[in-house]
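Novice: Can you keep this structure in mind? I'll have questions shortly.
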Amino acid sequence: MAQGTRIVIVGGVAAGMSAASQARRRKPDATVTVFERGPYISYGSCGMPYNIEDPERSIDDLVVLTPEKARESRGIDLHLRHEVTAIDPGSRTVTVRDLEAGSERTEGWDALVIATGASAVRLPLPGFDLPGVTVLRELTDGALVKRLLAEGRKAAAIVGGGYIGMEMAHVLTSRGLRVTVLEKLPDILPGWGPETVALVRKELERNGVDVRTGVSVTGAEAGPDGSVAAVTTDAGPVEADLVLQAVGARPNVRLAAEAGLRIGDTGAIWVNQYQQTSADGIWAAGDCAEAYHRVLRRNAWIPLGTTANKQGRIAGANVVGAAQRFAGIVGTSGFKVFDLEVARSGLGFDQAKAEGFEPVAVTITQRSRAHGYPGGSPIQVTLVADEPTGVLLGGELAGRDGAALRANVLGTALAAHMTVSDLQGLDLVYAPPFAPVWDPVLVAANQLAKKVGRR
Ligand SMILES: Cc1cc2nc3c(=O)[nH]c(=O)nc-3n(C[C@H](O)[C@H](O)[C@H](O)COP(=O)(O)OP(=O)(O)OC[C@H]3O[C@@H](n4cnc5c(N)ncnc54)[C@H](O)[C@@H]3O)c2cc1C
């Protein structure tokens, strides 16, 4: 690649800044320009719930790299509050709007990385534009929630029972609010197994969270001060002076779609494992893009920070001439709700069935530490495998001690396409402070082995 290469990156959070840093490190004479429409770069959204839990911590603590450091020590040409409004793959230009000045200009590029992320879904319901109704996606949303809490909000309604809703139910309860979770589906945590869901629900209720499922939210109503005072539902009103919409996210693909780039079946930007899009000279990474799923053996959209960082790094290397390949995902994720650690990897039973496998599953409970060693507690493990082949398809764990990181064993096994028999044979840590002689994962594998490959 020629000297003086111009690399433009759209979006400056996990994927965008990983790409920018990597490109500059590998090719210090390239001009790496990042356009970010927001006021922040490079922050950890994943830490927002835990930051909100602590009134003493500034939301700015979540910023990993300041704009000054990005410019001065990394040499990145960074433009905050600049929105890219169009990409022209033919002339290799982007149109950029300076949101402060209100002006627009055109910038050329030799290589372009789209890292526009995803946006929280906002329900188009009456009253959902009232003060006190918010989403939690960008750092500015986190700052708003902190401000609302500092004002002394007392009752929160969380619309949506996914993992962000669970984390925030815990956080808002610990900040002293009465919390109601409202989920339209028959249960919380769509896509998770019923055994895990039951434990999470019990943990929420044990801590005073009012969990209402099968309830459709229809709008929000203001109190005398003009701020939200209640949400309305098909099962009656729920008092709430803070309403958090946590009903999922959508990939930001408008720019890519308007530029004629291929959008995958998932609705995110199609990429190959080198993070290349369907257009020459354009790469994409992070929540706006698909990722190759190693169990499904096709692209999927599971928007997570871990993937965004890896894909961004690879895109940044490849725009300056490397040929790095993203190994793919297996769908490993986790969260904490009160004292319960919850994590999973791979496919759940229902998803496995929908994907055409012939799944079988087991759920077992085993203590986290050796018999008689203090501090242990039960870990529930669910494992799913394909019955005819015995190949492991996924698993979930929930428990108060050492549950979440055991999902990494499953993630590794899935990446290697292990069978249940392979899993049974794994040499895992046994030491009384950390695990019993039969680790909970191995106990589950032993049980599942009885159900696979019987034909
Ligand atoms: C509350 C919460 C908790 C989470 N917890 C976890 C967790 O525990 N583990 C985990 O792995 N993941 C977690 N995630 C997900 C993780 O934060 C995201 O996957 C990650 O932020 C994606 O990074 P990204 O750079 O792809 O996209 P984003 O973070 O969405 O950043 C994209 C940026 O692009 C900018 N942009 C978009 N369009 C334009 C444009 N046209 N011009 C200029 N700029 C543009 C946006 O303003 C945005 O700043 C969590 C997310 C949230 C909200």
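The chains in the structure tokens are called A, B, ... from first to last as shown; in each chain the residues are counted from 1, and the ligands are counted from 1 in the order shown.
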Could I get the residue neighbourhood of ligand 1 at 8 Å, counting only C-alpha atoms and all ligand atoms, as an MDAnalysis selection string?
Specialist: chainID A and resid 10:17 35:38 40:49 81:86 96 115:120 136:138 164 252 255 285:289 303:309 312 333:335
Novice: Which residues come within 7 Å of Val113 of chain A, counting only C-alpha atoms, excluding same-chain residues fewer than 2 positions away, as a compact mmCIF listing (two decimals) with C-alpha atoms, in the first residue's frame?
Specialist:
# COMPACT_ATOMS: atom_id res chain seq x y z
CA VAL A 8 -11.28 6.74 6.93
CA ILE A 9 -13.16 5.09 9.79
CA VAL A 10 -16.83 5.77 10.50
CA ALA A 111 -9.63 2.39 2.45
CA ALA A 115 -17.88 0.75 12.43
CA ILE A 282 -14.51 -1.12 2.25
CA TRP A 283 -14.31 -3.14 5.46
CA ALA A 284 -16.86 -3.33 8.31
Novice: List the neighbours of Ala235 of chain A out to 12 Å using only C-alpha atoms; skip same-chain residues closer than 2 positions along the sequence, and give me the result as a PyMOL selection string.
Specialist: chain A and resi 182-184+212-218+231-233+237-238
Novice: Would you list the contacts of segment 344-346 of chain A as an MDAnalysis selection string, taking every protein, DNA or RNA residue within 6 Å and counting only C-alpha atoms, but skipping same-chain residues closer than 5 positions in sequence?
Specialist: chainID A and resid 330:333 393:396 407 411
Novice: Can you pull out every residue within 9 Å of segment 188-205 of chain A, counting only C-alpha atoms, but drop anything in the same chain fewer than 5 positions away, and send it as JSON, numbers by chain?
Specialist: {"A": [160, 161, 162, 163, 166, 169, 170, 181, 182, 183, 210, 211, 212, 213, 337, 338, 339, 340, 342, 344, 347, 348, 349, 350, 351, 363, 380, 381, 382, 396, 397, 398, 399]}
Novice: From a DSSP calculation on the backbone, collect every residue of segment 157-275 of chain A in helix (DSSP H, G or I) and output the set as an MDAnalysis selection string.
Specialist: chainID A and resid 163:174 194:206 254:258
Novice: Let me see the file: selected residues, N, CA and C atoms, as a short mmCIF file (atom, residue, chain, number, x, y, z; two decimals), in the first residue's frame.
Specialist:
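Everything below was put into result11.cif:
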data_model
loop_
_atom_site.label_atom_id
_atom_site.label_comp_id
_atom_site.auth_asym_id
_atom_site.auth_seq_id
_atom_site.Cartn_x
_atom_site.Cartn_y
_atom_site.Cartn_z
N TYR A 163 -30.72 -9.31 28.64
CA TYR A 163 -29.65 -9.25 29.64
C TYR A 163 -29.42 -7.84 30.16
N ILE A 164 -29.62 -6.81 29.33
CA ILE A 164 -29.43 -5.44 29.83
C ILE A 164 -30.54 -5.11 30.84
N GLY A 165 -31.76 -5.56 30.56
CA GLY A 165 -32.86 -5.38 31.51
C GLY A 165 -32.56 -6.04 32.84
N MET A 166 -31.94 -7.23 32.79
CA MET A 166 -31.60 -7.97 34.03
C MET A 166 -30.54 -7.20 34.82
N GLU A 167 -29.47 -6.77 34.09
CA GLU A 167 -28.40 -6.05 34.80
C GLU A 167 -28.95 -4.78 35.44
N MET A 168 -29.84 -4.09 34.72
CA MET A 168 -30.36 -2.83 35.24
C MET A 168 -31.39 -3.05 36.35
N ALA A 169 -32.07 -4.18 36.35
CA ALA A 169 -33.00 -4.48 37.46
C ALA A 169 -32.20 -4.57 38.76
N HIS A 170 -31.07 -5.21 38.68
CA HIS A 170 -30.18 -5.33 39.83
C HIS A 170 -29.66 -3.94 40.25
N VAL A 171 -29.14 -3.20 39.26
CA VAL A 171 -28.51 -1.90 39.55
C VAL A 171 -29.52 -0.91 40.15
N LEU A 172 -30.69 -0.83 39.55
CA LEU A 172 -31.67 0.16 40.02
C LEU A 172 -32.22 -0.24 41.39
N THR A 173 -32.35 -1.54 41.64
CA THR A 173 -32.75 -1.98 42.98
C THR A 173 -31.69 -1.58 43.99
N SER A 174 -30.43 -1.79 43.62
CA SER A 174 -29.38 -1.46 44.60
C SER A 174 -29.25 0.05 44.79
N PRO A 194 -35.31 -22.86 29.85
CA PRO A 194 -36.25 -22.60 30.93
C PRO A 194 -35.65 -22.80 32.33
N GLU A 195 -34.66 -23.69 32.45
CA GLU A 195 -34.06 -23.95 33.78
C GLU A 195 -33.27 -22.72 34.23
N THR A 196 -32.51 -22.11 33.30
CA THR A 196 -31.75 -20.90 33.63
C THR A 196 -32.71 -19.75 33.92
N VAL A 197 -33.72 -19.62 33.08
CA VAL A 197 -34.69 -18.54 33.24
C VAL A 197 -35.35 -18.62 34.62
N ALA A 198 -35.68 -19.84 35.04
CA ALA A 198 -36.35 -20.00 36.35
C ALA A 198 -35.45 -19.52 37.48
N LEU A 199 -34.15 -19.81 37.40
CA LEU A 199 -33.23 -19.36 38.45
C LEU A 199 -33.11 -17.84 38.47
N VAL A 200 -33.04 -17.24 37.30
CA VAL A 200 -32.91 -15.78 37.22
C VAL A 200 -34.17 -15.12 37.77
N ARG A 201 -35.29 -15.65 37.38
CA ARG A 201 -36.55 -15.08 37.85
C ARG A 201 -36.65 -15.15 39.37
N LYS A 202 -36.24 -16.29 39.92
CA LYS A 202 -36.25 -16.46 41.38
C LYS A 202 -35.32 -15.44 42.04
N GLU A 203 -34.17 -15.22 41.42
CA GLU A 203 -33.21 -14.27 42.00
C GLU A 203 -33.77 -12.84 41.98
N LEU A 204 -34.45 -12.49 40.88
CA LEU A 204 -35.07 -11.16 40.79
C LEU A 204 -36.12 -11.00 41.89
N GLU A 205 -37.00 -12.01 41.99
CA GLU A 205 -38.11 -11.91 42.92
C GLU A 205 -37.62 -11.93 44.37
N ARG A 206 -36.58 -12.72 44.64
CA ARG A 206 -35.98 -12.79 45.98
C ARG A 206 -35.47 -11.42 46.42
N ARG A 254 -27.74 1.87 7.52
CA ARG A 254 -28.30 2.74 6.48
C ARG A 254 -27.24 3.20 5.48
N LEU A 255 -26.11 3.69 6.02
CA LEU A 255 -25.04 4.19 5.14
C LEU A 255 -24.58 3.12 4.16
N ALA A 256 -24.35 1.92 4.71
CA ALA A 256 -23.84 0.81 3.89
C ALA A 256 -24.88 0.42 2.83
N ALA A 257 -26.14 0.34 3.25
CA ALA A 257 -27.19 -0.08 2.32
C ALA A 257 -27.34 0.95 1.20
N GLU A 258 -27.32 2.25 1.58
CA GLU A 258 -27.48 3.29 0.55
C GLU A 258 -26.29 3.32 -0.41
#
Novice: Leaving out Trp270 of chain A and any residue of its chain fewer than 5 positions from it, which residues lie within 10 Å of it when counting only C-alpha atoms, given as a list of chain:residue names?
Specialist: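 What passes the distance filter is A:Ala256, A:Leu261, A:Arg262, A:Ile263, A:Gly264, A:Asp265, A:Gln275, A:Gln276, A:Thr277, A:Ser278, A:Trp283, A:Ala284, A:Ala285, A:Cys288, A:Ala289, A:Glu290, A:Ala291, A:Tyr292, A:Asn299, A:Ala300, A:Trp301.
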Novice: How would the residues just picked look written out with C-alpha atoms as a compact mmCIF listing (two decimals), in the first residue's frame?
Specialist:
# COMPACT_ATOMS: atom_id res chain seq x y z
CA ALA A 256 -23.84 0.81 3.89
CA LEU A 261 -23.19 -2.78 0.02
CA ARG A 262 -24.62 -6.23 0.62
CA ILE A 263 -26.72 -6.54 3.73
CA GLY A 264 -26.83 -10.08 5.10
CA ASP A 265 -29.89 -12.14 5.99
CA GLN A 275 -13.95 -8.12 7.50
CA GLN A 276 -14.27 -7.15 3.82
CA THR A 277 -17.69 -5.99 2.68
CA SER A 278 -19.07 -6.67 -0.79
CA TRP A 283 -14.31 -3.14 5.46
CA ALA A 284 -16.86 -3.33 8.31
CA ALA A 285 -16.52 -4.39 11.94
CA CYS A 288 -22.98 -3.05 12.42
CA ALA A 289 -21.56 -6.22 10.85
CA GLU A 290 -22.25 -9.93 10.81
CA ALA A 291 -19.82 -12.46 12.23
CA TYR A 292 -19.10 -16.02 11.17
CA ASN A 299 -22.87 -15.62 9.43
CA ALA A 300 -24.91 -14.51 12.45
CA TRP A 301 -25.55 -11.24 14.27
Novice: Please report, as number ranges by chain, each residue of segment 1-186 of chain A to which DSSP assigns strand (DSSP E) when run on this structure's backbone.
Specialist: A: 6-10, 31-36, 77-80, 82-88, 93-98, 103-108, 111-114, 118-120, 133-135, 155-159, 178-183
Novice: I want to know what sits within 6 Å of segment 317-328 of chain A, based on only C-alpha atoms, with residues of the same chain fewer than 2 positions away left out; could you give that as a PyMOL selection string?
Specialist: chain A and resi 22-23+273-274+292-294+314-315
Novice: Just write the chosen residues, C-alpha atoms, as a PDB file, in the first residue's frame.
Specialist:
ATOM      1  CA  GLN A  22      -4.192  -1.017  14.694  1.00  0.00           C
ATOM      2  CA  ALA A  23      -3.891   0.709  11.306  1.00  0.00           C
ATOM      3  CA  GLN A 273     -13.835 -13.400   7.667  1.00  0.00           C
ATOM      4  CA  TYR A 274     -11.317 -10.737   6.596  1.00  0.00           C
ATOM      5  CA  TYR A 292     -19.098 -16.022  11.166  1.00  0.00           C
ATOM      6  CA  HIS A 293     -20.702 -18.419  13.665  1.00  0.00           C
ATOM      7  CA  ARG A 294     -18.604 -21.559  14.104  1.00  0.00           C
ATOM      8  CA  ILE A 314      -8.527  -7.268  12.175  1.00  0.00           C
ATOM      9  CA  ALA A 315     -10.133  -4.659   9.904  1.00  0.00           C
TER      10      ALA A 315
END
Novice: Identify which of the residues A:Gly248, A:Gly219, A:Pro378, A:Pro224 lies closest to Gly236 of chain A, counting only C-alpha atoms when measuring atom-to-atom distances.
Specialist: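 The answer is A:Gly219, which sits nearest to Gly236 of chain A.
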Novice: Nearest residue to Ala279 of chain A out of A:Thr389, A:Pro39, A:Asp88, A:Ala70, using only C-alpha atoms?
Specialist: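 That would be A:Asp88, the residue with the smallest distance to Ala279 of chain A.
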Novice: From the options A:Asp401, A:Ala415, A:Val179, A:Asp29, which residue's atoms come nearest to Leu296 of chain A, counting only C-alpha atoms?
Specialist: A:Ala415
Novice: Report, in Å to a single decimal, how far apart atom CA of Ala249 of chain A and atom CA of Val133 of chain A are.
Specialist: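 We find that atom CA of Val133 of chain A and atom CA of Ala249 of chain A lie 16.6 Å from each other.
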Novice: Interatomic distance between atom CA of Gly390 of chain A and atom CA of Asn408 of chain A?
Specialist: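 These atoms are spaced 19.8 Å apart.
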